[in-house]
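To be precise, the following lines are final-v5.txt, and they hold compact mmCIF, C-alpha atoms.
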```txt
# COMPACT_ATOMS: atom_id res chain seq x y z
CA MET A 1350 -34.11 77.98 52.60
CA LYS A 1351 -35.67 74.66 51.63
CA ASP A 1352 -37.80 76.39 48.97
CA ILE A 1353 -34.88 78.04 47.16
CA GLU A 1354 -34.83 76.90 43.55
CA GLY A 1355 -31.48 75.75 42.28
CA LEU A 1356 -29.86 75.43 45.70
CA PRO A 1357 -26.39 74.11 44.90
CA SER A 1358 -25.77 70.40 45.20
CA LEU A 1359 -22.49 68.58 45.20
CA PRO A 1360 -21.41 67.20 41.82
CA THR A 1361 -22.43 63.60 41.19
CA VAL A 1362 -18.81 62.47 41.34
CA MET A 1363 -18.41 63.94 44.83
CA THR A 1364 -21.58 62.25 46.04
CA LYS A 1365 -20.25 58.96 44.69
CA ILE A 1366 -16.87 59.49 46.34
CA LEU A 1367 -18.51 60.12 49.72
CA GLU A 1368 -20.48 56.90 49.26
CA VAL A 1369 -17.28 54.99 48.48
CA ILE A 1370 -15.49 56.45 51.49
CA GLY A 1371 -18.42 55.55 53.74
CA ASN A 1372 -18.38 51.92 52.59
CA SER A 1373 -16.03 49.89 54.78
CA GLY A 1374 -15.76 47.29 52.03
CA SER A 1375 -14.45 49.70 49.38
CA ALA A 1376 -10.86 49.63 48.12
CA ALA A 1377 -8.42 52.13 46.67
CA LYS A 1378 -9.52 51.12 43.17
CA ASP A 1379 -13.14 52.04 43.97
CA LEU A 1380 -12.16 55.55 45.03
CA ALA A 1381 -9.88 55.96 42.03
CA ASP A 1382 -12.62 54.78 39.66
CA ALA A 1383 -15.15 57.22 41.16
CA THR A 1384 -12.73 60.16 40.89
CA SER A 1385 -11.67 59.25 37.37
CA LYS A 1386 -15.24 59.64 36.09
CA ASP A 1387 -14.55 63.38 35.91
CA GLN A 1388 -11.59 64.08 33.62
CA ALA A 1389 -11.15 67.71 34.70
CA LEU A 1390 -11.20 66.69 38.35
CA THR A 1391 -8.73 63.89 37.70
CA ALA A 1392 -6.33 66.32 36.01
CA LYS A 1393 -6.51 68.73 38.95
CA VAL A 1394 -5.96 65.99 41.55
CA LEU A 1395 -2.90 64.72 39.65
CA LYS A 1396 -1.58 68.26 39.24
CA LEU A 1397 -1.85 68.82 42.98
CA VAL A 1398 -0.23 65.55 44.06
CA ASN A 1399 2.65 66.26 41.68
CA SER A 1400 3.09 69.85 42.87
CA SER A 1401 5.26 71.24 45.63
CA PHE A 1402 2.31 70.74 47.97
CA TYR A 1403 3.68 67.23 48.50
CA GLY A 1404 7.13 67.24 46.90
CA PHE A 1405 7.27 63.62 45.71
CA SER A 1406 10.47 62.76 43.83
CA THR A 1407 8.73 60.64 41.19
CA LYS A 1408 5.75 61.63 39.05
CA ILE A 1409 2.37 60.17 39.98
CA SER A 1410 0.45 59.49 36.79
CA THR A 1411 -2.77 57.78 37.96
CA VAL A 1412 -5.44 58.54 40.54
CA SER A 1413 -5.19 54.99 41.86
CA ARG A 1414 -1.52 55.58 42.65
CA ALA A 1415 -2.38 58.91 44.27
CA VAL A 1416 -4.97 57.18 46.46
CA VAL A 1417 -2.46 54.55 47.58
CA ILE A 1418 0.20 57.15 48.42
CA LEU A 1419 -1.98 59.88 49.95
CA GLY A 1420 -4.82 57.77 51.35
CA TYR A 1421 -8.60 57.78 51.12
CA ASN A 1422 -9.26 60.77 53.33
CA THR A 1423 -6.69 63.04 51.70
CA ILE A 1424 -8.08 62.41 48.21
CA LYS A 1425 -11.63 62.80 49.52
CA ASN A 1426 -10.84 66.19 51.03
CA LEU A 1427 -8.94 67.40 47.95
CA VAL A 1428 -11.88 66.52 45.73
CA LEU A 1429 -14.33 68.12 48.19
CA GLY A 1430 -12.39 71.37 48.18
CA LEU A 1431 -12.29 71.44 44.39
CA SER A 1432 -16.02 70.70 44.18
CA VAL A 1433 -17.09 73.45 46.60
CA ILE A 1434 -14.97 76.12 44.94
CA GLY A 1435 -16.25 75.02 41.53
CA ILE A 1436 -19.86 75.53 42.65
CA PHE A 1437 -19.50 79.11 43.87
CA GLN A 1438 -16.41 80.57 42.23
CA ASP A 1439 -18.10 81.98 39.12
CA GLY A 1440 -20.91 83.94 40.81
CA LYS A 1441 -21.48 87.63 40.09
CA GLU A 1442 -19.69 90.24 42.16
CA GLY A 1443 -22.03 92.36 44.29
CA ASP A 1444 -21.75 96.04 45.16
CA TYR A 1445 -20.64 95.22 48.70
CA PHE A 1446 -19.33 91.66 48.76
CA ASN A 1447 -16.07 90.94 46.92
CA ARG A 1448 -15.92 87.24 46.04
CA THR A 1449 -12.29 87.37 44.98
CA GLU A 1450 -11.35 88.73 48.40
CA PHE A 1451 -13.65 86.16 50.01
CA TRP A 1452 -11.87 83.22 48.35
CA GLU A 1453 -8.50 84.74 49.13
CA HIS A 1454 -9.45 84.79 52.81
CA SER A 1455 -10.90 81.27 52.61
CA LEU A 1456 -7.75 79.89 50.98
CA GLY A 1457 -5.60 81.69 53.55
CA CYS A 1458 -7.63 80.17 56.34
CA ALA A 1459 -7.31 76.74 54.71
CA ALA A 1460 -3.54 77.06 54.38
CA CYS A 1461 -3.22 78.28 57.96
CA ALA A 1462 -5.45 75.49 59.29
CA LYS A 1463 -3.30 72.90 57.56
CA LEU A 1464 -0.13 74.45 59.05
CA ILE A 1465 -1.59 74.37 62.56
CA ALA A 1466 -3.03 70.89 62.12
CA THR A 1467 0.39 69.60 61.07
CA ARG A 1468 2.07 71.26 64.05
CA ILE A 1469 -0.33 69.73 66.57
CA ARG A 1470 -0.25 66.38 64.73
CA TYR A 1471 -3.94 66.44 63.95
CA ASN A 1472 -4.82 63.13 62.36
CA LEU A 1473 -6.00 64.57 59.02
CA PRO A 1474 -4.34 67.89 58.09
CA GLU A 1475 -6.18 67.88 54.75
CA GLU A 1476 -9.47 67.74 56.66
CA ALA A 1477 -8.46 70.89 58.54
CA PHE A 1478 -7.55 72.46 55.19
CA VAL A 1479 -11.04 71.82 53.79
CA ALA A 1480 -12.67 73.00 57.02
CA GLY A 1481 -10.77 76.28 56.69
CA LEU A 1482 -11.68 76.52 53.01
CA ILE A 1483 -15.45 76.18 53.56
CA HIS A 1484 -15.90 77.66 57.04
CA ASP A 1485 -17.65 80.78 55.63
CA ILE A 1486 -19.66 79.01 52.93
CA GLY A 1487 -22.88 80.33 54.48
CA LYS A 1488 -21.90 83.81 53.27
CA MET A 1489 -22.00 82.54 49.71
CA ILE A 1490 -25.58 81.35 50.25
CA PHE A 1491 -26.51 84.80 51.53
CA ASP A 1492 -24.77 86.54 48.64
CA GLU A 1493 -26.21 84.18 46.02
CA TYR A 1494 -29.84 83.94 47.19
CA PHE A 1495 -30.42 86.87 49.57
CA LYS A 1496 -28.31 89.55 47.91
CA ASP A 1497 -30.47 92.53 48.97
CA ASP A 1498 -30.69 91.40 52.59
CA PHE A 1499 -26.99 90.57 52.64
CA GLY A 1500 -26.32 94.04 51.24
CA GLN A 1501 -28.13 95.43 54.30
CA VAL A 1502 -25.93 93.26 56.50
CA LEU A 1503 -22.75 94.60 54.94
CA GLU A 1504 -24.03 98.18 55.07
CA LEU A 1505 -24.72 97.74 58.79
CA VAL A 1506 -21.19 96.37 59.25
CA ARG A 1507 -19.75 99.49 57.64
CA LYS A 1508 -22.07 101.96 59.37
CA ASP A 1509 -21.86 100.59 62.91
CA ASN A 1510 -18.42 98.94 62.64
CA ILE A 1511 -19.69 95.64 64.06
CA PRO A 1512 -18.76 92.01 63.32
CA ILE A 1513 -20.58 90.57 60.34
CA ILE A 1514 -22.03 87.75 62.43
CA GLU A 1515 -23.74 90.33 64.67
CA ALA A 1516 -25.10 92.23 61.67
CA GLU A 1517 -26.43 88.98 60.15
CA ASP A 1518 -28.31 88.18 63.32
CA ARG A 1519 -29.86 91.67 63.40
CA VAL A 1520 -30.94 91.73 59.75
CA LEU A 1521 -31.57 88.07 58.91
CA GLY A 1522 -32.11 86.48 62.30
CA VAL A 1523 -29.57 83.77 61.45
CA THR A 1524 -25.80 83.70 60.91
CA HIS A 1525 -23.61 82.38 58.12
CA ALA A 1526 -22.27 79.77 60.54
CA ILE A 1527 -25.73 78.24 60.99
CA ILE A 1528 -26.63 78.44 57.29
CA GLY A 1529 -23.24 77.00 56.38
CA GLU A 1530 -23.78 74.04 58.70
CA TRP A 1531 -27.24 73.54 57.20
CA LEU A 1532 -25.81 73.39 53.68
CA ALA A 1533 -23.02 71.03 54.78
CA LYS A 1534 -25.58 68.68 56.29
CA LYS A 1535 -27.66 68.88 53.10
CA TRP A 1536 -24.55 67.83 51.21
CA LYS A 1537 -24.02 65.03 53.77
CA LEU A 1538 -20.49 66.17 54.50
CA PRO A 1539 -18.55 64.54 57.35
CA LEU A 1540 -19.69 65.62 60.82
CA VAL A 1541 -16.30 67.17 61.63
CA LEU A 1542 -16.70 69.62 58.74
CA CYS A 1543 -20.30 70.43 59.67
CA ASN A 1544 -19.26 71.21 63.24
CA ALA A 1545 -16.20 73.23 62.20
CA ILE A 1546 -18.47 75.45 60.09
CA LYS A 1547 -21.03 75.83 62.86
CA TYR A 1548 -18.56 76.57 65.67
CA HIS A 1549 -15.75 78.46 63.94
CA HIS A 1550 -16.68 81.69 65.76
CA GLN A 1551 -17.20 80.10 69.17
CA PRO A 1552 -15.53 76.69 69.39
CA PRO A 1553 -16.58 74.53 72.34
CA LEU A 1554 -13.75 73.60 74.67
CA SER A 1555 -15.54 70.48 75.86
CA SER A 1556 -18.84 68.80 75.16
CA LYS A 1557 -20.70 65.58 75.83
CA THR A 1558 -22.33 65.77 72.39
CA ILE A 1559 -19.44 66.89 70.15
CA ASP A 1560 -16.54 64.57 69.34
CA GLU A 1561 -12.94 65.50 70.10
CA ALA A 1562 -11.97 65.83 66.43
CA SER A 1563 -14.76 68.38 65.88
CA ILE A 1564 -13.65 70.43 68.89
CA THR A 1565 -10.02 70.45 67.76
CA CYS A 1566 -10.88 71.25 64.14
CA SER A 1567 -13.23 74.07 65.19
CA ILE A 1568 -10.51 75.66 67.32
CA VAL A 1569 -7.94 75.29 64.53
CA VAL A 1570 -10.28 77.03 62.07
CA HIS A 1571 -11.15 79.75 64.62
CA ILE A 1572 -7.48 80.54 65.19
CA SER A 1573 -6.73 80.37 61.46
CA ASP A 1574 -9.61 82.70 60.63
CA THR A 1575 -8.37 85.24 63.17
CA LEU A 1576 -4.72 85.04 62.09
CA CYS A 1577 -5.69 85.63 58.46
CA LYS A 1578 -7.65 88.70 59.51
CA MET A 1579 -4.62 89.88 61.47
CA GLY A 1580 -2.47 89.32 58.39
CA GLY A 1581 -4.89 91.11 56.08
CA ILE A 1582 -5.37 88.04 53.90
CA GLY A 1583 -8.49 88.62 51.80
CA SER A 1584 -11.75 89.68 53.40
CA GLY A 1585 -14.80 87.92 54.76
CA GLY A 1586 -16.93 91.06 54.74
CA ASP A 1587 -15.81 92.89 57.87
CA ASN A 1588 -12.66 94.19 59.51
CA HIS A 1589 -13.37 92.87 62.99
CA ILE A 1590 -10.45 90.92 64.46
CA PRO A 1591 -11.52 88.85 67.47
CA SER A 1592 -9.07 88.03 70.22
CA ILE A 1593 -7.84 84.46 70.62
CA GLY A 1594 -8.09 83.42 74.25
CA GLY A 1595 -5.10 81.66 75.77
CA HIS A 1596 -7.40 78.77 76.61
CA MET A 1597 -7.87 78.13 72.88
CA TRP A 1598 -4.13 77.72 72.32
CA ARG A 1599 -3.80 75.51 75.39
CA ARG A 1600 -6.73 73.33 74.32
CA ILE A 1601 -4.80 72.22 71.20
CA ASN A 1602 -1.42 72.14 72.97
CA LEU A 1603 0.10 74.98 70.98
CA GLU A 1604 2.05 77.94 72.34
CA GLU A 1605 0.45 81.33 71.72
CA SER A 1606 3.84 82.58 70.61
CA SER A 1607 3.52 80.26 67.59
CA LYS A 1608 1.30 82.76 65.81
CA GLU A 1609 4.24 84.82 64.55
CA SER A 1610 5.93 81.88 62.84
CA ILE A 1611 2.60 80.64 61.48
CA LEU A 1612 1.87 84.05 59.96
CA LEU A 1613 5.27 83.98 58.27
CA GLN A 1614 4.52 80.58 56.72
CA ILE A 1615 0.97 81.29 55.56
CA ASN A 1616 1.87 83.28 52.46
CA GLN A 1617 4.01 80.49 51.01
CA GLU A 1618 1.26 77.91 51.49
CA LEU A 1619 -1.38 80.36 50.33
CA GLU A 1620 0.41 80.95 47.05
CA LYS A 1621 0.40 77.22 46.30
CA ALA A 1622 -3.29 76.97 47.16
CA ARG A 1623 -4.43 80.00 45.17
CA LEU A 1624 -2.51 78.92 42.09
CA PHE A 1625 -3.91 75.41 42.21
CA PHE A 1626 -7.51 76.46 42.78
CA GLY A 1627 -7.30 79.08 40.03
CA ILE A 1628 -7.83 82.07 42.31
CA SER A 1629 -4.61 83.78 41.22
CA ARG A 1630 -4.18 85.47 37.85
CA GLU A 1631 -0.60 84.34 37.71
CA ALA A 1632 0.83 81.19 36.18
CA GLU A 1633 -0.22 77.80 37.47
CA ILE A 1634 1.95 75.38 39.43
CA ASP A 1635 4.30 73.51 37.12
```

In structure tokens, how does this file's structure come out?
Amino acid sequence: MKDIEGLPSLPTVMTKILEVIGNSGSAAKDLADATSKDQALTAKVLKLVNSSFYGFSTKISTVSRAVVILGYNTIKNLVLGLSVIGIFQDGKEGDYFNRTEFWEHSLGCAACAKLIATRIRYNLPEEAFVAGLIHDIGKMIFDEYFKDDFGQVLELVRKDNIPIIEAEDRVLGVTHAIIGEWLAKKWKLPLVLCNAIKYHHQPPLSSKTIDEASITCSIVVHISDTLCKMGGIGSGGDNHIPSIGGHMWRRINLEESSKESILLQINQELEKARLFFGISREAEID
């Protein structure tokens, strides 16, 4: 993996934004200045904060105002989501792996994670959104740099009707969750996001080495991933729908019966997300 030429790196503006966020002495103006270096990114951030995602009654015309209203972490996570999708969105479609369906599933998982995070009063719902968006990013590495091997993985999934993570382990000896975490660490993403990627198939319920936010976020993404598969939202490469143990729901203080109402809400949130990120062929958000 380390020898791959052209391994994707985060855009310079995102690297700068992460530096600003990590500096306790930085102010809203510093974050706004870093974001404003990229005009296209600035336009997308302003379009999102003025959309029905947030529903503000007055128009927000500057990034600095958006930072003040939404906060450092929200802007950071919005920019991160835009950056990751921008890196991988334009890759070539393979014979087996449908990237359009992949992003549809990823956006659905992001929308669902944000819904759940809001319900359980998770401190940073936008962080859960990004975790849902990039939880399967390891699959993009496989599809981009190991296309033939990944084709064998997907063929095995179809032939033996097994979960993709099991097929990856058989063919490649490593899973997309591990490769995704590796890439996230290379990008120096926040630890919560790295852990959510790593553990989204098997979230820890308790740990002496993993922080509480990582545990909660991992469970939220795990549940969101499963609900999107139940709802037929996009595809991550297989049709396997894992069961969600009651202990997972209890760990985040959410009733298992909530899944029906969450599924009903996902499509509305998903439509906003897919329009904004340019996944849909339909008109953009006004």

Worksheet item: Counting all atoms listed in the file, what is within 12 Å of Lys1537 of chain A, bar same-chain residues fewer than 2 positions away, as a PyMOL selection string?
Response: chain A and resi 1358-1359+1363-1368+1371+1429+1530-1535+1539-1543

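Atom to atom, atom CA of Phe1437 of chain A and atom CA of Gly1529 of chain A stand 13.2 Å apart.
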
Dump as a Markdown table the rows for residues of segment 1429-1463 of chain A within 8 Å of segment 1567-1586 of chain A: closest atom pair and distance in Å with one decimal, only C-alpha atoms counted, ordered by chain and rising residue number.
```
| residue | atom | partner | partner_atom | distance |
| --- | --- | --- | --- | --- |
| A:Phe1446 | CA | A:Gly1586 | CA | 6.5 |
| A:Asn1447 | CA | A:Gly1586 | CA | 7.9 |
| A:Thr1449 | CA | A:Gly1583 | CA | 7.9 |
| A:Glu1450 | CA | A:Gly1583 | CA | 4.4 |
| A:Phe1451 | CA | A:Gly1585 | CA | 5.2 |
| A:Trp1452 | CA | A:Gly1583 | CA | 7.2 |
| A:Glu1453 | CA | A:Gly1583 | CA | 4.7 |
| A:His1454 | CA | A:Gly1583 | CA | 4.1 |
| A:Ser1455 | CA | A:Gly1583 | CA | 7.8 |
| A:Gly1457 | CA | A:Cys1577 | CA | 6.3 |
| A:Cys1458 | CA | A:Ser1573 | CA | 5.2 |
| A:Ala1459 | CA | A:Ser1573 | CA | 7.7 |
| A:Cys1461 | CA | A:Ser1573 | CA | 5.4 |
| A:Ala1462 | CA | A:Ser1573 | CA | 5.5 |
```

Worksheet entry | Residue list as a PyMOL selection string for point (-29.9, 93.3, 53.2), cut-off 12 Å, all atoms listed in the file | chain A and resi 1443-1446+1491-1492+1494-1506+1516-1522

Worksheet item: Which is closest to Lys1488 of chain A among A:Asp1587, A:Leu1427, A:Asp1560, A:Leu1473, if we use all atoms listed in the file?
Response: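 Selected residue with least distance to Lys1488 of chain A: A:Asp1587.
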
Fill in: Residue among A:Ser1375, A:Ile1546, A:Pro1357, A:Ile1418 lying closest to Phe1405 of chain A, counting all atoms listed in the file
A:Ile1418

Worksheet item: For Ser1410 of chain A, which residue among A:Thr1391, A:Thr1361, A:Asn1588, A:Ser1555 is the nearest when counting all atoms listed in the file?
Response: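 Closest candidate: A:Thr1391.
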